[in-house]
Number of protein chains: 2
Amino acid sequence: MTKIRANNPELKSWLNVDKNSDFPIQNIPFGVFKGKNGNTRCATRIGDNVIDLYALAKLDYFKETGIEIEVFNNNVLNDFMALGKPIWRKTRDRISEIFEENNPELRENNKHKAEIIFKFSEVEMVMPVHVGDYTDFYSSEGHATNVGTMFRDPANALFPNWKHLPVGYHGRSSSIVVSGTNIHRPKGQTRPNDADEPVFGPSRLFDFELEMAFVTGKETKLGESITTANAEDYIFGMVIFNDLSARDIQKWEYVPLGPFLSKNFGSVISPWIVTLDALQPFRVKGETQNPEVLPYLKFEGDKNIDINLEVYLQPEGGQEYRLCQSNYKYMYWNMNQQLAHQTVNGCNINVGDMYASGTISGPTPDSYGSMLELSWGGKKPITLPDGTERKFVNDNDTLIMKAYAEKDGVRVGFGESRTKVLPAI
Amino acid sequence: MTKIRANNPELKSWLNVDKNSDFPIQNIPFGVFKGKNGNTRCATRIGDNVIDLYALAKLDYFKETGIEIEVFNNNVLNDFMALGKPIWRKTRDRISEIFEENNPELRENNKHKAEIIFKFSEVEMVMPVHVGDYTDFYSSEGHATNVGTMFRDPANALFPNWKHLPVGYHGRSSSIVVSGTNIHRPKGQTRPNDADEPVFGPSRLFDFELEMAFVTGKETKLGESITTANAEDYIFGMVIFNDLSARDIQKWEYVPLGPFLSKNFGSVISPWIVTLDALQPFRVKGETQNPEVLPYLKFEGDKNIDINLEVYLQPEGGQEYRLCQSNYKYMYWNMNQQLAHQTVNGCNINVGDMYASGTISGPTPDSYGSMLELSWGGKKPITLPDGTERKFVNDNDTLIMKAYAEKDGVRVGFGESRTKVLPAI
């Protein structure tokens, strides 16, 4: 495995970084912000400082990387990502160098600093990528088992295909939005249990799904396949992905072609794409796959990642209450396998595609990644600190997802995915 | 209903149009071609003449329409479509006027004609739109009934939801390609009937699906819904859509989240988008929907369209053999209902989205729109003129789909969707 200079736990920045910040100098994620003048620019973040990469490039700080300055003068990261992994790595390394404690080149230039560095609280983060296609996998055994147990047969909770391939389906790209975007409760058809005919109205079973997603930064041509061995050349990085779901709409519509309107009214991602490089120190071995997988799904090395995941619910005017704590390491199928599977038939991928993990549920009830599982289909309501109960999510509840990896005193995090559930229109 | 000047059946063009051409002056479809110099330009077609709309605009023929010339200097129609329905209509009307028999303005200008008009055989047609999201509906009762009869229960062939909502699912945008693109047989996991474990290899049950698709030319914001009454303001036009399918991969993978790799290795569309305006004379009443649909799916007027559909198979070195003849009028759910359903939950749509009908099968066995149905799951092989049999599609077979509407001596057609099935890589 390549040693990545920017990951060195000893590095410190001359910018202030709080002890519990998700964004030490070892992170260097990529995002897009809108400044006070309304321009959108590619950016990175250290501590609570947003760093305008276009300004940095224009002031010649990327001179030696050979990167075309204009890729950063953009409302999405797609053009930058399309430059390929050697450039992603070179850019991240150079940023690390510029902001390293002992480097005076920008540190001592107040004029440049004023043009380059902004307070996070003073900018607006926007969707970091234009998403071409979006796939949602279903790769956590805990989640698939819980759902199968609830709705089918506890003794045969997993379908026969589940351990042979990473089950997935195509989702809607248009409605993937950035953290801070509030989402109206969807209306739709549902059929109550005691009814013959469907009824129309706001969903009564509004849920979240705790997921992570990866973003591809390299395309393939139709007919080409990606192997588990070269998958990481295609993966730019990851975000938190809240796959909002209307369980009652889903139940009525999904046979036989899968979820549709129950899922495509809004999915909320965290604004910073944390690179796969930055996550390298947190690699862990996944669960042994049994039965043995087909050759195109075999892989070598540690392909899971130890990322702590949390979901909080905040009622209107109330406090944030942690609903669950899970971990990305619980994935049965890893990203390399997902991407190899997605393309084994020749399906082509583009820069900016998004691939979500599916709900990530761990082994214990407090690690379940959806209200459906936490309240066990509504049978075990959750009591909040204000005394109110939740089986699913109420109007005006705010959902917050957080994710971070931590090792050797370094915490590399994602910030948050935040959305408030507004009443149906 | 607005009277559309360009649809007048009396109109004739000074350009030659064969009696059986799909492209009389009443059609005026939109597409994108690549010329000899490698530039891509928006275009229309009359007879076998491809008309460069950018050249037409630059030479001032669109002066009075107020359209920004550069929208036609493009490799997709998205920018033009985004101008909205009044401009689509104005452009089509103006083109009709320029090429009308008695109009000398371009007819008598040989220098301009050489810059504007190209032979269809000398240009290459490319994908006419950048597809944002793609939905595949399942809206033909004949097809859904055939599939349900074969795989489930003839007495309950349709699922309970089928007559209450237009069932649909999200498909892959990246692999939608233009006619003339050949597609390799996909490889993937299948589980033979007598096996416990899946096997990996080229699909053995390669199929086509005869579909039509509509393209949206106007966006909505997240949270907004489209009604059946205003749906046509959003629909730019239609194409033929060959939804290639690997039936054996589908069978193993599709539970519980729907088709995935069995469908996303290639879908082949016809290159010309025929506008909804051009199809207006061919409107017919659809089947009465029973049970009555929910209010948001109710509609007024004739929303089905009488479009003849044909599928031909041409073995390597052999002749084109017509496998089936169907009609778009057999749709149970119309486009207005599909778009109202797609957005009833607030799902946002974009310019360039594609919405396919699902396989269109008529009432008689020769009108079935897939090999699965034509050969009844392989039980009734089809004998071709060369004496060979087909249960599904073989390597090196070419699939050709054609579509045209005809009335009052005017034929408005789509040209064709053509693809050759290449052996697995």
# chains A, B, ... in the order shown; residues from 1 in each chain; ligands from 1
call {"tool": "residues_around", "arguments": {"residues": "Glu253 in chain A", "least_positions_apart": "5", "cutoff": "9 Å", "atoms": "only C-alpha atoms", "output": "ChimeraX atom specification"}}
result
/A:189-190,248,258-262 /B:161-162,165,167-168
call {"tool": "residues_around", "arguments": {"residues": "Pro160 in chain B", "least_positions_apart": "3", "cutoff": "10 Å", "atoms": "only C-alpha atoms", "output": "JSON, numbers by chain"}}
result
{"A": [196, 197, 198, 252, 253, 255], "B": [156, 157, 163, 164, 165]}
call {"tool": "write_last_selection", "arguments": {"atoms": "N, CA, C and O atoms", "output": "short mmCIF file (atom, residue, chain, number, x, y, z; two decimals), in the first residue's frame"}}
result
data_model
loop_
_atom_site.label_atom_id
_atom_site.label_comp_id
_atom_site.auth_asym_id
_atom_site.auth_seq_id
_atom_site.Cartn_x
_atom_site.Cartn_y
_atom_site.Cartn_z
N ASP A 196 -58.95 -2.67 1.23
CA ASP A 196 -58.84 -3.31 -0.07
C ASP A 196 -58.21 -2.37 -1.08
O ASP A 196 -57.52 -2.78 -1.99
N GLU A 197 -58.54 -1.09 -0.93
CA GLU A 197 -58.12 -0.09 -1.90
C GLU A 197 -57.05 0.82 -1.31
O GLU A 197 -57.05 1.07 -0.11
N PRO A 198 -56.18 1.35 -2.13
CA PRO A 198 -55.17 2.28 -1.62
C PRO A 198 -55.79 3.63 -1.29
O PRO A 198 -56.86 3.98 -1.79
N TRP A 252 -46.42 -0.64 -0.54
CA TRP A 252 -47.48 -0.79 -1.55
C TRP A 252 -46.91 -0.78 -2.97
O TRP A 252 -47.40 -1.46 -3.86
N GLU A 253 -45.87 -0.02 -3.20
CA GLU A 253 -45.41 0.17 -4.59
C GLU A 253 -44.34 -0.81 -5.06
O GLU A 253 -44.14 -0.98 -6.24
N VAL A 255 -43.48 -4.00 -5.25
CA VAL A 255 -43.57 -5.27 -5.97
C VAL A 255 -44.04 -5.02 -7.39
O VAL A 255 -45.03 -4.31 -7.58
N ASN B 156 -54.15 -14.62 -11.28
CA ASN B 156 -53.81 -13.36 -10.60
C ASN B 156 -52.53 -12.79 -11.20
O ASN B 156 -51.56 -12.53 -10.49
N ALA B 157 -52.56 -12.65 -12.51
CA ALA B 157 -51.33 -12.28 -13.22
C ALA B 157 -50.82 -10.90 -12.79
O ALA B 157 -49.62 -10.68 -12.68
N LYS B 163 -53.11 -1.83 -11.17
CA LYS B 163 -54.15 -0.97 -11.75
C LYS B 163 -54.41 0.29 -10.92
O LYS B 163 -55.30 1.09 -11.24
N HIS B 164 -53.65 0.46 -9.84
CA HIS B 164 -53.81 1.65 -9.01
C HIS B 164 -52.73 2.69 -9.24
O HIS B 164 -52.91 3.87 -8.94
N LEU B 165 -51.60 2.25 -9.74
CA LEU B 165 -50.50 3.20 -9.99
C LEU B 165 -49.64 2.69 -11.13
O LEU B 165 -49.54 1.48 -11.36
#
call {"tool": "interface_residues", "arguments": {"of": "chain B", "to": "chain A", "cutoff": "6 Å", "atoms": "only C-alpha atoms", "output": "tab-separated table (two decimals) with C-alpha atoms, in the first residue's frame"}}
result
chain	number	residue	atom	x	y	z
B	169	TYR	CA	-38.39	1.87	-11.26
B	170	HIS	CA	-35.22	3.83	-11.72
B	171	GLY	CA	-32.84	2.67	-14.44
B	186	PRO	CA	-23.45	-9.15	-20.67
B	187	LYS	CA	-21.79	-11.51	-18.26
B	188	GLY	CA	-23.18	-12.05	-14.83
B	257	LEU	CA	-35.08	-4.51	-4.92
B	258	GLY	CA	-35.77	-4.90	-8.63
B	260	PHE	CA	-30.23	-4.04	-11.86
B	264	ASN	CA	-28.13	-1.57	-17.28
B	265	PHE	CA	-25.66	-2.91	-19.88
B	345	ASN	CA	-44.12	12.90	-3.83
B	346	GLY	CA	-42.11	15.99	-4.74
B	347	CYS	CA	-39.42	14.17	-6.76
call {"tool": "residues_around", "arguments": {"residues": "Ser357 in chain A", "least_positions_apart": "6", "cutoff": "12 Å", "atoms": "only C-alpha atoms", "output": "JSON, numbers by chain"}}
result
{"A": [134, 135, 136, 137, 138, 139, 140, 141, 143, 144, 166, 167, 168, 169, 209, 210, 211, 212, 213, 214, 215, 238, 239, 240, 241, 242, 243, 304, 327, 328, 329, 330, 331, 332, 333, 334, 335, 336, 337, 338, 339, 369]}
call {"tool": "select_by_dssp", "arguments": {"residues": "range 241-380 of chain B", "states": "strand (DSSP E)", "output": "ChimeraX atom specification"}}
result
/B:241-243,245-246,267-269,274-275,283-284,304-305,308-314,321-327,354-356
call {"tool": "select_by_dssp", "arguments": {"residues": "range 27-233 of chain A", "states": "helix (DSSP H, G or I)", "output": "JSON, numbers by chain"}}
result
{"A": [53, 54, 55, 56, 57, 58, 63, 64, 65, 69, 70, 71, 72, 78, 79, 80, 81, 85, 86, 87, 88, 89, 90, 91, 92, 93, 94, 95, 96, 97, 98, 104, 105, 106, 107, 110, 111, 112, 113, 114, 115, 116, 120, 121, 122, 141, 142, 143, 144, 145, 146, 147, 148, 149, 150, 151, 154, 155, 156, 231, 232, 233]}
call {"tool": "atom_distance", "arguments": {"atom1": "CA of Leu374 in chain A", "atom2": "CA of Glu389 in chain A"}}
result
12.4 Å
call {"tool": "residues_around", "arguments": {"residues": "Leu313 in chain A", "least_positions_apart": "6", "cutoff": "9 Å", "atoms": "only C-alpha atoms", "output": "PyMOL selection string"}}
result
chain A and resi 319-323+384+393+397-401
call {"tool": "write_last_selection", "arguments": {"atoms": "all heavy atoms", "output": "short mmCIF file (atom, residue, chain, number, x, y, z; two decimals), in the first residue's frame"}}
result
data_model
loop_
_atom_site.label_atom_id
_atom_site.label_comp_id
_atom_site.auth_asym_id
_atom_site.auth_seq_id
_atom_site.Cartn_x
_atom_site.Cartn_y
_atom_site.Cartn_z
N GLN A 319 -33.60 19.10 22.29
CA GLN A 319 -32.17 18.82 22.17
C GLN A 319 -31.90 17.62 21.26
O GLN A 319 -32.79 16.81 21.00
CB GLN A 319 -31.57 18.59 23.56
CG GLN A 319 -32.11 17.33 24.26
CD GLN A 319 -31.75 17.32 25.74
OE1 GLN A 319 -32.48 17.86 26.58
NE2 GLN A 319 -30.65 16.67 26.04
N GLU A 320 -30.66 17.54 20.78
CA GLU A 320 -30.26 16.41 19.94
C GLU A 320 -30.21 15.14 20.79
O GLU A 320 -29.55 15.11 21.81
CB GLU A 320 -28.87 16.65 19.32
CG GLU A 320 -28.85 17.72 18.27
CD GLU A 320 -27.48 17.83 17.57
OE1 GLU A 320 -26.64 16.93 17.77
OE2 GLU A 320 -27.28 18.82 16.84
N TYR A 321 -30.88 14.10 20.35
CA TYR A 321 -30.88 12.84 21.07
C TYR A 321 -30.28 11.77 20.17
O TYR A 321 -30.70 11.61 19.02
CB TYR A 321 -32.32 12.47 21.45
CG TYR A 321 -32.44 11.09 22.07
CD1 TYR A 321 -32.00 10.86 23.37
CD2 TYR A 321 -32.98 10.03 21.34
CE1 TYR A 321 -32.10 9.59 23.93
CE2 TYR A 321 -33.08 8.76 21.89
CZ TYR A 321 -32.64 8.54 23.19
OH TYR A 321 -32.73 7.29 23.74
N ARG A 322 -29.30 11.05 20.68
CA ARG A 322 -28.68 10.03 19.82
C ARG A 322 -29.56 8.80 19.74
O ARG A 322 -29.83 8.13 20.73
CB ARG A 322 -27.29 9.66 20.34
CG ARG A 322 -26.55 8.80 19.31
CD ARG A 322 -25.10 8.62 19.63
NE ARG A 322 -24.95 7.79 20.81
CZ ARG A 322 -23.86 7.78 21.57
NH1 ARG A 322 -22.83 8.55 21.27
NH2 ARG A 322 -23.80 7.01 22.62
N LEU A 323 -29.98 8.49 18.52
CA LEU A 323 -30.85 7.33 18.29
C LEU A 323 -30.05 6.04 18.15
O LEU A 323 -30.52 4.97 18.55
CB LEU A 323 -31.67 7.52 17.01
CG LEU A 323 -32.75 8.58 17.01
CD1 LEU A 323 -33.32 8.74 15.59
CD2 LEU A 323 -33.87 8.21 17.98
N LEU A 384 -38.02 9.97 23.80
CA LEU A 384 -37.03 11.04 23.74
C LEU A 384 -36.92 11.73 25.10
O LEU A 384 -37.81 11.58 25.94
CB LEU A 384 -37.43 12.06 22.67
CG LEU A 384 -37.62 11.53 21.24
CD1 LEU A 384 -37.95 12.68 20.29
CD2 LEU A 384 -36.38 10.79 20.76
N VAL A 393 -40.48 9.11 12.11
CA VAL A 393 -40.04 10.49 12.27
C VAL A 393 -41.23 11.43 12.12
O VAL A 393 -42.06 11.27 11.22
CB VAL A 393 -38.94 10.83 11.23
CG1 VAL A 393 -38.40 12.24 11.44
CG2 VAL A 393 -37.80 9.80 11.32
N ASP A 397 -39.13 17.33 13.05
CA ASP A 397 -37.95 16.68 13.63
C ASP A 397 -36.76 16.95 12.71
O ASP A 397 -36.90 16.92 11.48
CB ASP A 397 -38.12 15.15 13.69
CG ASP A 397 -39.05 14.72 14.83
OD1 ASP A 397 -39.40 15.57 15.68
OD2 ASP A 397 -39.42 13.53 14.86
N THR A 398 -35.61 17.20 13.31
CA THR A 398 -34.39 17.34 12.52
C THR A 398 -33.56 16.06 12.69
O THR A 398 -33.39 15.57 13.81
CB THR A 398 -33.58 18.56 12.97
OG1 THR A 398 -34.35 19.74 12.70
CG2 THR A 398 -32.25 18.67 12.23
N LEU A 399 -33.07 15.54 11.57
CA LEU A 399 -32.24 14.33 11.58
C LEU A 399 -30.80 14.73 11.32
O LEU A 399 -30.51 15.45 10.35
CB LEU A 399 -32.70 13.37 10.49
CG LEU A 399 -34.12 12.81 10.68
CD1 LEU A 399 -34.61 12.18 9.38
CD2 LEU A 399 -34.14 11.81 11.83
N ILE A 400 -29.91 14.28 12.17
CA ILE A 400 -28.49 14.62 12.01
C ILE A 400 -27.69 13.32 12.01
O ILE A 400 -27.82 12.51 12.93
CB ILE A 400 -27.99 15.52 13.17
CG1 ILE A 400 -28.88 16.75 13.29
CG2 ILE A 400 -26.53 15.93 12.94
CD1 ILE A 400 -29.62 16.85 14.61
N MET A 401 -26.89 13.14 10.98
CA MET A 401 -25.99 11.99 10.93
C MET A 401 -24.56 12.49 11.00
O MET A 401 -24.22 13.49 10.37
CB MET A 401 -26.20 11.20 9.64
CG MET A 401 -27.56 10.55 9.58
SD MET A 401 -27.78 9.55 8.10
CE MET A 401 -29.42 8.87 8.48
#
call {"tool": "closest_residue", "arguments": {"among": "A:Thr181, A:Asn39, A:Ser417, A:Ser245", "to": "Asp207 in chain A", "atoms": "only C-alpha atoms"}}
result
A:Ser245
call {"tool": "atom_distance", "arguments": {"atom1": "CA of Pro365 in chain B", "atom2": "CA of Phe206 in chain B"}}
result
19.6 Å
call {"tool": "residues_around", "arguments": {"residues": "Glu105 in chain A", "least_positions_apart": "4", "cutoff": "12 Å", "atoms": "only C-alpha atoms", "output": "list of chain:residue names"}}
result
A:Trp14, A:Leu56, A:Leu59, A:Asp60, A:Tyr61, A:Ile95, A:Glu97, A:Ile98, A:Phe99, A:Glu100, A:Glu101, A:Asn109, A:Asn110, A:Lys111, A:His112, A:Lys113
call {"tool": "residues_around", "arguments": {"residues": "Phe414 in chain A", "least_positions_apart": "2", "cutoff": "12 Å", "atoms": "only C-alpha atoms", "output": "mmCIF file with N, CA and C atoms, in the first residue's frame"}}
result
data_model
loop_
_atom_site.group_PDB
_atom_site.id
_atom_site.type_symbol
_atom_site.label_atom_id
_atom_site.label_comp_id
_atom_site.auth_asym_id
_atom_site.auth_seq_id
_atom_site.Cartn_x
_atom_site.Cartn_y
_atom_site.Cartn_z
ATOM 1 N N SER A 21 -12.313 18.222 16.342
ATOM 2 C CA SER A 21 -12.681 18.565 14.965
ATOM 3 C C SER A 21 -12.577 17.339 14.059
ATOM 4 N N ASP A 22 -13.497 17.263 13.094
ATOM 5 C CA ASP A 22 -13.427 16.216 12.073
ATOM 6 C C ASP A 22 -12.377 16.536 11.018
ATOM 7 N N PHE A 23 -11.824 17.759 11.082
ATOM 8 C CA PHE A 23 -11.029 18.237 9.954
ATOM 9 C C PHE A 23 -9.609 18.689 10.335
ATOM 10 N N PRO A 24 -8.807 17.761 10.887
ATOM 11 C CA PRO A 24 -7.399 18.094 11.121
ATOM 12 C C PRO A 24 -6.677 18.134 9.772
ATOM 13 N N ASN A 27 -7.023 15.287 7.224
ATOM 14 C CA ASN A 27 -8.243 14.976 6.478
ATOM 15 C C ASN A 27 -8.169 15.546 5.052
ATOM 16 N N ILE A 28 -8.231 16.862 4.964
ATOM 17 C CA ILE A 28 -8.210 17.552 3.657
ATOM 18 C C ILE A 28 -9.265 16.986 2.707
ATOM 19 N N PRO A 29 -10.534 17.200 3.055
ATOM 20 C CA PRO A 29 -11.629 16.736 2.210
ATOM 21 C C PRO A 29 -11.867 17.747 1.086
ATOM 22 N N PHE A 30 -12.736 17.422 0.165
ATOM 23 C CA PHE A 30 -13.060 18.348 -0.917
ATOM 24 C C PHE A 30 -14.562 18.640 -0.931
ATOM 25 N N GLY A 31 -14.887 19.906 -1.181
ATOM 26 C CA GLY A 31 -16.283 20.321 -1.232
ATOM 27 C C GLY A 31 -16.421 21.548 -2.113
ATOM 28 N N ARG A 45 -11.109 22.007 3.804
ATOM 29 C CA ARG A 45 -11.389 22.517 5.151
ATOM 30 C C ARG A 45 -10.347 22.013 6.130
ATOM 31 N N GLY A 47 -9.942 22.459 10.328
ATOM 32 C CA GLY A 47 -10.622 23.017 11.492
ATOM 33 C C GLY A 47 -11.912 23.667 11.025
ATOM 34 N N SER A 179 -26.497 18.546 2.847
ATOM 35 C CA SER A 179 -26.845 18.798 4.244
ATOM 36 C C SER A 179 -27.365 20.222 4.434
ATOM 37 N N MET A 212 -23.513 5.278 4.075
ATOM 38 C CA MET A 212 -22.367 5.997 3.538
ATOM 39 C C MET A 212 -22.408 5.798 2.030
ATOM 40 N N ALA A 213 -21.817 6.722 1.283
ATOM 41 C CA ALA A 213 -21.776 6.547 -0.174
ATOM 42 C C ALA A 213 -20.382 6.881 -0.666
ATOM 43 N N GLY A 237 -13.831 9.381 -3.140
ATOM 44 C CA GLY A 237 -13.995 9.499 -1.696
ATOM 45 C C GLY A 237 -15.405 9.182 -1.260
ATOM 46 N N MET A 238 -15.719 9.558 -0.017
ATOM 47 C CA MET A 238 -16.983 9.148 0.584
ATOM 48 C C MET A 238 -17.715 10.298 1.265
ATOM 49 N N VAL A 239 -19.018 10.113 1.392
ATOM 50 C CA VAL A 239 -19.875 11.058 2.135
ATOM 51 C C VAL A 239 -20.846 10.269 3.010
ATOM 52 N N ILE A 240 -21.442 10.958 3.976
ATOM 53 C CA ILE A 240 -22.578 10.401 4.718
ATOM 54 C C ILE A 240 -23.798 10.508 3.809
ATOM 55 N N PHE A 241 -24.648 9.514 3.851
ATOM 56 C CA PHE A 241 -25.801 9.480 2.942
ATOM 57 C C PHE A 241 -27.052 9.111 3.742
ATOM 58 N N ILE A 269 -26.826 14.322 1.728
ATOM 59 C CA ILE A 269 -25.423 13.947 1.937
ATOM 60 C C ILE A 269 -24.681 15.023 2.734
ATOM 61 N N SER A 270 -23.571 14.614 3.338
ATOM 62 C CA SER A 270 -22.675 15.569 3.983
ATOM 63 C C SER A 270 -21.894 16.304 2.893
ATOM 64 N N PRO A 271 -21.514 17.566 3.140
ATOM 65 C CA PRO A 271 -20.961 18.380 2.047
ATOM 66 C C PRO A 271 -19.505 18.107 1.679
ATOM 67 N N TRP A 272 -18.762 17.481 2.559
ATOM 68 C CA TRP A 272 -17.334 17.261 2.292
ATOM 69 C C TRP A 272 -17.092 15.837 1.853
ATOM 70 N N ILE A 273 -16.421 15.670 0.726
ATOM 71 C CA ILE A 273 -16.029 14.329 0.288
ATOM 72 C C ILE A 273 -14.672 14.021 0.897
ATOM 73 N N VAL A 274 -14.670 13.045 1.788
ATOM 74 C CA VAL A 274 -13.412 12.629 2.416
ATOM 75 C C VAL A 274 -12.772 11.605 1.481
ATOM 76 N N THR A 275 -11.533 11.852 1.102
ATOM 77 C CA THR A 275 -10.902 10.983 0.098
ATOM 78 C C THR A 275 -10.621 9.594 0.661
ATOM 79 N N ALA A 278 -7.454 9.600 2.590
ATOM 80 C CA ALA A 278 -7.512 10.037 3.989
ATOM 81 C C ALA A 278 -8.045 8.941 4.899
ATOM 82 N N LEU A 279 -8.791 8.019 4.327
ATOM 83 C CA LEU A 279 -9.391 6.950 5.136
ATOM 84 C C LEU A 279 -8.491 5.714 5.226
ATOM 85 N N ILE A 307 -15.338 3.301 10.560
ATOM 86 C CA ILE A 307 -15.885 4.660 10.642
ATOM 87 C C ILE A 307 -17.079 4.639 11.592
ATOM 88 N N ASN A 308 -16.971 5.407 12.664
ATOM 89 C CA ASN A 308 -18.077 5.507 13.620
ATOM 90 C C ASN A 308 -19.221 6.298 13.011
ATOM 91 N N LEU A 309 -20.412 5.798 13.167
ATOM 92 C CA LEU A 309 -21.597 6.450 12.592
ATOM 93 C C LEU A 309 -22.615 6.702 13.693
ATOM 94 N N GLU A 310 -23.251 7.862 13.640
ATOM 95 C CA GLU A 310 -24.253 8.199 14.659
ATOM 96 C C GLU A 310 -25.439 8.898 14.000
ATOM 97 N N MET A 401 -26.892 13.138 10.979
ATOM 98 C CA MET A 401 -25.991 11.987 10.934
ATOM 99 C C MET A 401 -24.562 12.489 11.002
ATOM 100 N N LYS A 402 -23.745 11.780 11.781
ATOM 101 C CA LYS A 402 -22.343 12.147 11.927
ATOM 102 C C LYS A 402 -21.485 10.913 11.679
ATOM 103 N N ALA A 403 -20.285 11.140 11.212
ATOM 104 C CA ALA A 403 -19.383 10.018 10.928
ATOM 105 C C ALA A 403 -17.946 10.461 11.112
ATOM 106 N N TYR A 404 -17.151 9.619 11.751
ATOM 107 C CA TYR A 404 -15.725 9.927 11.881
ATOM 108 C C TYR A 404 -14.936 8.652 12.167
ATOM 109 N N ALA A 405 -13.708 8.659 11.679
ATOM 110 C CA ALA A 405 -12.771 7.576 11.968
ATOM 111 C C ALA A 405 -11.736 8.127 12.945
ATOM 112 N N GLU A 406 -11.164 7.285 13.795
ATOM 113 C CA GLU A 406 -10.226 7.776 14.804
ATOM 114 C C GLU A 406 -9.162 6.717 15.089
ATOM 115 N N ARG A 411 -8.338 12.140 14.233
ATOM 116 C CA ARG A 411 -9.751 11.929 13.939
ATOM 117 C C ARG A 411 -10.046 12.506 12.567
ATOM 118 N N VAL A 412 -10.454 11.658 11.648
ATOM 119 C CA VAL A 412 -10.816 12.100 10.300
ATOM 120 C C VAL A 412 -12.321 11.913 10.154
ATOM 121 N N GLU A 416 -21.430 16.561 9.037
ATOM 122 C CA GLU A 416 -22.745 15.978 9.254
ATOM 123 C C GLU A 416 -23.649 16.091 8.036
ATOM 124 N N SER A 417 -24.664 15.253 8.049
ATOM 125 C CA SER A 417 -25.796 15.369 7.135
ATOM 126 C C SER A 417 -26.977 15.762 7.998
ATOM 127 N N ARG A 418 -27.562 16.924 7.714
ATOM 128 C CA ARG A 418 -28.632 17.463 8.550
ATOM 129 C C ARG A 418 -29.832 17.825 7.679
#
call {"tool": "residues_around", "arguments": {"residues": "Glu373 in chain A", "least_positions_apart": "6", "cutoff": "12 Å", "atoms": "only C-alpha atoms", "output": "number ranges by chain"}}
result
A: 142-151, 207-210, 247, 323-324, 359-367, 379-382, 391-392
call {"tool": "atom_distance", "arguments": {"atom1": "CA of Ala57 in chain B", "atom2": "CA of Asn20 in chain B"}}
result
29.2 Å
call {"tool": "closest_residue", "arguments": {"among": "B:Asp306, B:Gly66, B:Lys36, B:Ala82", "to": "Thr220 in chain B", "atoms": "only C-alpha atoms"}}
result
B:Ala82
